[in-house]
$ cat final-v8.txt   # compact mmCIF, C-alpha atoms
# COMPACT_ATOMS: atom_id res chain seq x y z
CA MET A 106 -6.64 15.00 11.92
CA LYS A 107 -3.52 13.01 12.36
CA ASN A 108 -1.09 13.50 9.50
CA ILE A 109 -0.14 10.11 8.14
CA GLN A 110 2.51 9.62 5.48
CA ILE A 111 1.02 7.78 2.53
CA SER A 112 3.57 5.69 0.69
CA LEU A 113 3.22 4.63 -2.92
CA THR A 114 2.64 1.09 -1.68
CA ALA A 115 -0.20 2.26 0.58
CA LYS A 116 -1.73 4.18 -2.31
CA ASN A 117 -1.58 1.10 -4.54
CA TYR A 118 -3.34 -1.06 -1.93
CA ALA A 119 -5.93 1.69 -1.38
CA ASP A 120 -6.50 1.74 -5.15
CA ALA A 121 -7.20 -2.00 -4.98
CA LEU A 122 -9.90 -1.32 -2.38
CA LEU A 123 -11.31 1.47 -4.53
CA LYS A 124 -11.45 -0.97 -7.43
CA LEU A 125 -13.78 -3.15 -5.33
CA GLY A 126 -16.13 -0.17 -5.17
CA GLN A 127 -15.78 0.70 -8.85
CA ASP A 128 -16.56 -2.88 -9.84
CA ASN A 129 -19.58 -2.89 -7.48
CA VAL A 130 -18.13 -5.82 -5.54
CA LEU A 131 -18.65 -3.74 -2.38
CA ASN A 132 -19.90 -0.20 -2.10
CA TYR A 133 -17.50 2.52 -1.00
CA ALA A 134 -19.40 3.20 2.22
CA ASP A 135 -19.16 -0.46 3.28
CA ILE A 136 -15.43 -0.51 2.57
CA SER A 137 -14.99 2.69 4.57
CA LYS A 138 -17.03 1.28 7.45
CA ASN A 139 -14.97 -1.94 7.47
CA LEU A 140 -11.71 0.03 7.47
CA SER A 141 -12.95 2.16 10.37
CA ILE A 142 -13.76 -0.97 12.37
CA ILE A 143 -10.32 -2.42 11.68
CA LYS A 144 -8.59 0.79 12.69
CA GLU A 145 -10.65 1.14 15.87
CA VAL A 146 -10.07 -2.48 16.95
CA ILE A 147 -6.34 -2.43 16.28
CA GLU A 148 -5.79 0.98 17.89
CA SER A 149 -7.68 -0.15 20.98
CA SER A 150 -5.10 -2.83 21.80
CA ASN A 151 -1.36 -2.32 22.01
CA ASP A 152 -0.95 -6.10 22.33
CA LEU A 153 -2.81 -6.68 19.09
CA LYS A 154 -0.66 -4.08 17.32
CA ALA A 155 2.46 -5.74 18.70
CA VAL A 156 1.37 -9.17 17.42
CA PHE A 157 0.73 -7.89 13.89
CA ASP A 158 4.03 -5.98 13.89
CA ASN A 159 6.03 -8.94 15.20
CA PRO A 160 7.71 -10.92 12.39
CA ALA A 161 8.25 -13.86 14.78
CA VAL A 162 4.49 -14.50 14.94
CA SER A 163 3.50 -16.85 12.13
CA GLU A 164 1.19 -15.88 9.30
CA GLU A 165 -1.19 -18.67 10.32
CA THR A 166 -1.46 -17.25 13.84
CA LYS A 167 -2.15 -13.79 12.45
CA PHE A 168 -4.77 -15.21 10.04
CA SER A 169 -6.41 -17.00 12.96
CA ILE A 170 -6.49 -13.78 14.99
CA ILE A 171 -8.12 -11.93 12.08
CA ASP A 172 -10.73 -14.70 11.73
CA ASP A 173 -11.43 -14.73 15.48
CA ILE A 174 -11.64 -10.97 16.02
CA PHE A 175 -13.39 -9.97 12.82
CA SER A 176 -15.46 -13.11 12.16
CA ASN A 177 -18.92 -11.51 12.16
CA ILE A 178 -18.09 -7.83 11.77
CA LEU A 179 -16.07 -7.58 8.54
CA ASP A 180 -16.87 -8.49 4.99
CA GLU A 181 -15.02 -11.66 3.92
CA ARG A 182 -13.27 -9.78 1.11
CA ILE A 183 -11.89 -7.20 3.54
CA LYS A 184 -10.68 -9.98 5.84
CA GLY A 185 -9.01 -11.51 2.78
CA PHE A 186 -7.44 -8.14 2.04
CA LEU A 187 -5.95 -8.06 5.57
CA LYS A 188 -4.55 -11.54 5.03
CA ILE A 189 -2.93 -10.43 1.77
CA LEU A 190 -1.29 -7.57 3.67
CA ILE A 191 0.09 -10.11 6.14
CA GLU A 192 1.31 -12.46 3.38
CA LYS A 193 3.03 -9.62 1.55
CA LYS A 194 4.47 -8.28 4.82
CA ARG A 195 2.66 -4.97 4.30
CA PHE A 196 0.42 -4.90 7.37
CA ASN A 197 2.57 -2.04 8.68
CA GLU A 198 1.16 0.04 5.78
CA LEU A 199 -2.42 -0.29 7.07
CA ASP A 200 -2.68 3.27 8.48
CA GLY A 201 -1.43 4.71 5.19
CA ILE A 202 -3.77 2.48 3.18
CA ILE A 203 -6.76 3.61 5.24
CA ALA A 204 -5.70 7.27 4.95
CA ALA A 205 -5.24 6.96 1.16
CA PHE A 206 -8.61 5.22 0.78
CA ASN A 207 -10.34 7.89 2.89
CA LEU A 208 -8.81 10.68 0.79
CA GLU A 209 -10.18 9.14 -2.39
CA PHE A 210 -13.51 8.28 -0.73
CA ASP A 211 -13.84 11.94 0.29
CA LYS A 212 -13.10 13.09 -3.28
CA ILE A 213 -15.69 10.71 -4.71
CA ASN A 214 -18.29 11.96 -2.22
CA ASN A 215 -17.29 15.67 -2.38
CA ILE A 216 -16.33 15.74 1.31
CA GLN A 217 -13.80 18.06 2.93
CA ARG A 218 -12.41 17.25 6.37
CA VAL A 219 -11.42 20.25 8.48
CA ASP A 220 -9.98 20.83 11.93
CA ILE A 221 -11.59 23.72 13.76
CA THR A 222 -10.03 24.99 16.98
CA SER A 223 -11.86 27.35 19.31
CA ALA A 224 -10.98 28.81 22.71
CA ILE A 225 -14.21 27.54 24.27
CA ASN A 226 -16.53 24.62 23.70
CA LEU A 227 -19.07 25.81 21.13
CA ASN A 228 -22.73 24.84 21.22
CA ASP A 229 -24.21 22.70 18.45
CA GLU A 230 -26.02 25.65 16.84
CA THR A 231 -22.80 27.66 16.50
CA LYS A 232 -20.94 24.63 15.16
CA ALA A 233 -23.69 24.08 12.60
CA LYS A 234 -23.49 27.72 11.45
CA ILE A 235 -19.71 27.55 11.06
CA THR A 236 -19.93 24.24 9.23
CA GLU A 237 -22.63 25.62 6.92
CA LYS A 238 -20.49 28.70 6.08
CA LEU A 239 -17.55 26.44 5.24
CA LYS A 240 -19.83 24.20 3.16
CA GLN A 241 -21.01 27.21 1.13
CA LYS A 242 -17.50 28.61 0.72
CA LEU A 243 -15.85 25.30 -0.26
CA GLN A 244 -18.87 23.86 -2.11
CA LYS A 245 -18.29 20.54 -0.36
CA ASP A 246 -19.85 18.60 2.47
CA ILE A 247 -17.88 19.27 5.64
CA ILE A 248 -16.74 16.82 8.28
CA ALA A 249 -15.40 18.90 11.14
CA ASN A 250 -13.08 17.79 13.89
CA TRP A 251 -13.68 20.23 16.77
CA VAL A 252 -10.87 21.00 19.21
CA VAL A 253 -10.86 23.31 22.22
CA ASN A 254 -7.61 25.16 22.95
CA GLU A 255 -7.82 27.98 25.49
CA ASP A 256 -4.39 29.26 24.39
CA ILE A 257 -5.89 30.87 21.28
CA ILE A 258 -7.83 33.20 23.67
CA GLY A 259 -10.73 33.74 21.23
CA GLY A 260 -11.76 33.32 17.60
CA LEU A 261 -11.13 30.25 15.49
CA VAL A 262 -8.32 28.42 13.77
CA VAL A 263 -9.51 26.44 10.76
CA GLN A 264 -7.21 23.92 9.07
CA ILE A 265 -8.19 22.65 5.64
CA ASP A 266 -5.59 20.19 4.38
CA ASP A 267 -2.34 22.20 4.56
CA ASN A 268 -4.05 25.60 4.69
CA VAL A 269 -4.60 27.33 8.02
CA ILE A 270 -7.01 30.22 8.52
CA ASP A 271 -6.05 31.73 11.87
CA SER A 272 -8.58 34.29 13.09
CA SER A 273 -7.67 33.72 16.72
CA LEU A 274 -7.27 36.60 19.12
CA ARG A 275 -3.84 35.26 20.04
CA ASN A 276 -2.69 35.49 16.40
CA LYS A 277 -4.08 39.02 16.08
CA LEU A 278 -2.27 40.11 19.26
CA GLU A 279 0.99 38.55 18.06
CA ASN A 280 0.69 40.35 14.72
CA LEU A 281 -0.10 43.63 16.48
CA SER A 282 2.94 43.29 18.74
CA LYS A 283 5.16 42.60 15.71
CA ASN A 284 3.92 45.77 14.04
CA ILE A 285 4.47 47.88 17.16
CA ILE A 286 8.03 46.72 17.70
$ encode --input "final-v8.txt" --output "structure tokens"
Amino acid sequence: MKNIQISLTAKNYADALLKLGQDNVLNYADISKNLSIIKEVIESSNDLKAVFDNPAVSEETKFSIIDDIFSNILDERIKGFLKILIEKKRFNELDGIIAAFNLEFDKINNIQRVDITSAINLNDETKAKITEKLKQKLQKDIIANWVVNEDIIGGLVVQIDDNVIDSSLRNKLENLSKNII
């Protein structure tokens, strides 16, 4: 999980999106899906990012780009939301807005996102067992981001928000060497 700073402004805009869900204008899952599409499309093109970040490009041009790219794939209200961000010169807050929305969406749906690092690529059965253990321990549905890092030698490193559970062989060896010296 990439750590994104969430400003107060981003939180306020995310709250506006959450209000759409609370008022049953759109359901939370549809909002989340639309935001994922936006993020994926914008991150896939450095040129597109540059255009939206460039103050010399007119609002009308940016609106036209949003209409062209997202014409049949986004809800009209979400496209309108993007246009408001452009009008208010807050499009640069989009990553923070999406992160803030996803945090609240996860709370509403009792979801916990975790990063799990292993020394080798684990099979699906092992991943399922680990995920199930975490689900039981945390009493939440788990969305795991699996990473392979041979440097940990063996074991797992589990990151839940700001908490890290390091049961890696590398960590155990480092702790052992500290105690010996």
$ atom_distance --input "final-v8.txt" --atom1 "CA of Lys194 (chain A)" --atom2 "CA of Leu140 (chain A)"
18.4 Å
$ atom_distance --input "final-v8.txt" --atom1 "CA of Thr114 (chain A)" --atom2 "CA of Asn250 (chain A)"
27.7 Å
$ residues_around --input "final-v8.txt" --residues "Ser272 (chain A)" --least-positions-apart "3" --cutoff "10 Å" --atoms "only C-alpha atoms" --output "ChimeraX atom specification"
/A:223,257,259-263,269,275-277
$ axis_aligned_box --input "final-v8.txt" --around "region 251-254 of chain A" --padding-each-side "5 Å" --output "JSON"
{"center_x": -10.6, "center_y": 22.7, "center_z": 19.9, "size_x": 16.1, "size_y": 14.9, "size_z": 16.2}
$ closest_residue --input "final-v8.txt" --among "A:Asn197, A:Asn207, A:Ser163, A:Asn117" --to "Asn139 (chain A)" --atoms "all atoms listed in the file"
A:Asn207
$ closest_residue --input "final-v8.txt" --among "A:Gln127, A:Gln217, A:Ser150, A:Ser176" --to "Leu243 (chain A)" --atoms "all atoms listed in the file"
A:Gln217
$ residues_around --input "final-v8.txt" --residues "Ala121 (chain A)" --least-positions-apart "6" --cutoff "12 Å" --atoms "only C-alpha atoms" --output "VMD selection string"
chain A and resid 114 to 115 127 to 128 130 to 131 133 136 182 to 183 186 189 to 190 202 to 203 205 to 206 209
$ closest_residue --input "final-v8.txt" --among "A:Val219, A:Leu123, A:Leu199, A:Val162" --to "Glu148 (chain A)" --atoms "all atoms listed in the file"
A:Leu199
$ residues_near_point --input "final-v8.txt" --point "(1.5, -12.8, 15.7)" --cutoff "12 Å" --atoms "all atoms listed in the file" --output "count of residues only"
22
$ atom_distance --input "final-v8.txt" --atom1 "CA of Gln110 (chain A)" --atom2 "CA of Gly201 (chain A)"
6.3 Å
$ residues_around --input "final-v8.txt" --residues "Leu227 (chain A)" --least-positions-apart "5" --cutoff "9 Å" --atoms "only C-alpha atoms" --output "mmCIF file with C-alpha atoms, in the frame of the given file"
data_model
loop_
_atom_site.group_PDB
_atom_site.id
_atom_site.type_symbol
_atom_site.label_atom_id
_atom_site.label_comp_id
_atom_site.auth_asym_id
_atom_site.auth_seq_id
_atom_site.Cartn_x
_atom_site.Cartn_y
_atom_site.Cartn_z
ATOM 1 C CA LYS A 232 -20.940 24.630 15.160
ATOM 2 C CA TRP A 251 -13.680 20.230 16.770
ATOM 3 C CA VAL A 253 -10.860 23.310 22.220
#
$ residues_near_point --input "final-v8.txt" --point "(-16.1, 19.5, 6.6)" --cutoff "8 Å" --atoms "all atoms listed in the file" --output "count of residues only"
12
$ build_atoms --input "final-v8.txt" --residues "region 205-226 of chain A" --atoms "N, CA, C and O atoms" --output "PDB file, in the frame of the given file"
ATOM      1  N   ALA A 205      -5.163   6.775   2.617  1.00  0.00           N
ATOM      2  CA  ALA A 205      -5.240   6.960   1.160  1.00  0.00           C
ATOM      3  C   ALA A 205      -6.649   6.644   0.658  1.00  0.00           C
ATOM      4  O   ALA A 205      -7.194   7.369  -0.183  1.00  0.00           O
ATOM      5  N   PHE A 206      -7.244   5.562   1.181  1.00  0.00           N
ATOM      6  CA  PHE A 206      -8.610   5.220   0.780  1.00  0.00           C
ATOM      7  C   PHE A 206      -9.562   6.342   1.173  1.00  0.00           C
ATOM      8  O   PHE A 206     -10.412   6.756   0.377  1.00  0.00           O
ATOM      9  N   ASN A 207      -9.433   6.837   2.412  1.00  0.00           N
ATOM     10  CA  ASN A 207     -10.340   7.890   2.890  1.00  0.00           C
ATOM     11  C   ASN A 207     -10.208   9.167   2.069  1.00  0.00           C
ATOM     12  O   ASN A 207     -11.210   9.846   1.818  1.00  0.00           O
ATOM     13  N   LEU A 208      -8.995   9.504   1.643  1.00  0.00           N
ATOM     14  CA  LEU A 208      -8.810  10.680   0.790  1.00  0.00           C
ATOM     15  C   LEU A 208      -9.591  10.534  -0.513  1.00  0.00           C
ATOM     16  O   LEU A 208     -10.293  11.456  -0.946  1.00  0.00           O
ATOM     17  N   GLU A 209      -9.472   9.380  -1.130  1.00  0.00           N
ATOM     18  CA  GLU A 209     -10.180   9.140  -2.390  1.00  0.00           C
ATOM     19  C   GLU A 209     -11.692   9.034  -2.169  1.00  0.00           C
ATOM     20  O   GLU A 209     -12.478   9.528  -2.972  1.00  0.00           O
ATOM     21  N   PHE A 210     -12.083   8.400  -1.075  1.00  0.00           N
ATOM     22  CA  PHE A 210     -13.510   8.280  -0.730  1.00  0.00           C
ATOM     23  C   PHE A 210     -14.110   9.672  -0.559  1.00  0.00           C
ATOM     24  O   PHE A 210     -15.215   9.944  -1.029  1.00  0.00           O
ATOM     25  N   ASP A 211     -13.366  10.563   0.107  1.00  0.00           N
ATOM     26  CA  ASP A 211     -13.840  11.940   0.290  1.00  0.00           C
ATOM     27  C   ASP A 211     -13.970  12.664  -1.044  1.00  0.00           C
ATOM     28  O   ASP A 211     -14.932  13.403  -1.273  1.00  0.00           O
ATOM     29  N   LYS A 212     -13.017  12.461  -1.954  1.00  0.00           N
ATOM     30  CA  LYS A 212     -13.100  13.090  -3.280  1.00  0.00           C
ATOM     31  C   LYS A 212     -14.332  12.602  -4.034  1.00  0.00           C
ATOM     32  O   LYS A 212     -15.066  13.390  -4.626  1.00  0.00           O
ATOM     33  N   ILE A 213     -14.549  11.304  -4.004  1.00  0.00           N
ATOM     34  CA  ILE A 213     -15.690  10.710  -4.710  1.00  0.00           C
ATOM     35  C   ILE A 213     -16.997  11.285  -4.175  1.00  0.00           C
ATOM     36  O   ILE A 213     -17.930  11.548  -4.931  1.00  0.00           O
ATOM     37  N   ASN A 214     -17.064  11.505  -2.868  1.00  0.00           N
ATOM     38  CA  ASN A 214     -18.290  11.960  -2.220  1.00  0.00           C
ATOM     39  C   ASN A 214     -18.330  13.463  -1.959  1.00  0.00           C
ATOM     40  O   ASN A 214     -19.207  13.935  -1.237  1.00  0.00           O
ATOM     41  N   ASN A 215     -17.353  14.212  -2.521  1.00  0.00           N
ATOM     42  CA  ASN A 215     -17.290  15.670  -2.380  1.00  0.00           C
ATOM     43  C   ASN A 215     -17.306  16.095  -0.896  1.00  0.00           C
ATOM     44  O   ASN A 215     -18.080  16.953  -0.480  1.00  0.00           O
ATOM     45  N   ILE A 216     -16.438  15.466  -0.126  1.00  0.00           N
ATOM     46  CA  ILE A 216     -16.330  15.740   1.310  1.00  0.00           C
ATOM     47  C   ILE A 216     -15.000  16.412   1.592  1.00  0.00           C
ATOM     48  O   ILE A 216     -13.975  16.042   1.024  1.00  0.00           O
ATOM     49  N   GLN A 217     -15.024  17.400   2.475  1.00  0.00           N
ATOM     50  CA  GLN A 217     -13.800  18.060   2.930  1.00  0.00           C
ATOM     51  C   GLN A 217     -13.721  17.907   4.448  1.00  0.00           C
ATOM     52  O   GLN A 217     -14.633  18.286   5.167  1.00  0.00           O
ATOM     53  N   ARG A 218     -12.626  17.369   4.925  1.00  0.00           N
ATOM     54  CA  ARG A 218     -12.410  17.250   6.370  1.00  0.00           C
ATOM     55  C   ARG A 218     -11.630  18.467   6.836  1.00  0.00           C
ATOM     56  O   ARG A 218     -10.662  18.872   6.190  1.00  0.00           O
ATOM     57  N   VAL A 219     -12.080  19.053   7.935  1.00  0.00           N
ATOM     58  CA  VAL A 219     -11.420  20.250   8.480  1.00  0.00           C
ATOM     59  C   VAL A 219     -11.257  20.102   9.987  1.00  0.00           C
ATOM     60  O   VAL A 219     -12.055  19.451  10.658  1.00  0.00           O
ATOM     61  N   ASP A 220     -10.184  20.707  10.492  1.00  0.00           N
ATOM     62  CA  ASP A 220      -9.980  20.830  11.930  1.00  0.00           C
ATOM     63  C   ASP A 220     -10.338  22.246  12.312  1.00  0.00           C
ATOM     64  O   ASP A 220      -9.838  23.196  11.702  1.00  0.00           O
ATOM     65  N   ILE A 221     -11.193  22.395  13.305  1.00  0.00           N
ATOM     66  CA  ILE A 221     -11.590  23.720  13.760  1.00  0.00           C
ATOM     67  C   ILE A 221     -11.274  23.811  15.252  1.00  0.00           C
ATOM     68  O   ILE A 221     -11.773  23.022  16.052  1.00  0.00           O
ATOM     69  N   THR A 222     -10.434  24.788  15.594  1.00  0.00           N
ATOM     70  CA  THR A 222     -10.030  24.990  16.980  1.00  0.00           C
ATOM     71  C   THR A 222     -10.674  26.276  17.488  1.00  0.00           C
ATOM     72  O   THR A 222     -10.611  27.317  16.825  1.00  0.00           O
ATOM     73  N   SER A 223     -11.271  26.184  18.667  1.00  0.00           N
ATOM     74  CA  SER A 223     -11.860  27.350  19.310  1.00  0.00           C
ATOM     75  C   SER A 223     -11.340  27.436  20.745  1.00  0.00           C
ATOM     76  O   SER A 223     -10.834  26.459  21.288  1.00  0.00           O
ATOM     77  N   ALA A 224     -11.475  28.615  21.341  1.00  0.00           N
ATOM     78  CA  ALA A 224     -10.980  28.810  22.710  1.00  0.00           C
ATOM     79  C   ALA A 224     -11.937  28.206  23.735  1.00  0.00           C
ATOM     80  O   ALA A 224     -11.519  27.859  24.840  1.00  0.00           O
ATOM     81  N   ILE A 225     -13.204  28.112  23.365  1.00  0.00           N
ATOM     82  CA  ILE A 225     -14.210  27.540  24.270  1.00  0.00           C
ATOM     83  C   ILE A 225     -14.985  26.460  23.539  1.00  0.00           C
ATOM     84  O   ILE A 225     -14.959  26.381  22.312  1.00  0.00           O
ATOM     85  N   ASN A 226     -15.692  25.645  24.288  1.00  0.00           N
ATOM     86  CA  ASN A 226     -16.530  24.620  23.700  1.00  0.00           C
ATOM     87  C   ASN A 226     -17.761  25.298  23.104  1.00  0.00           C
ATOM     88  O   ASN A 226     -18.498  25.981  23.808  1.00  0.00           O
TER      89      ASN A 226
END
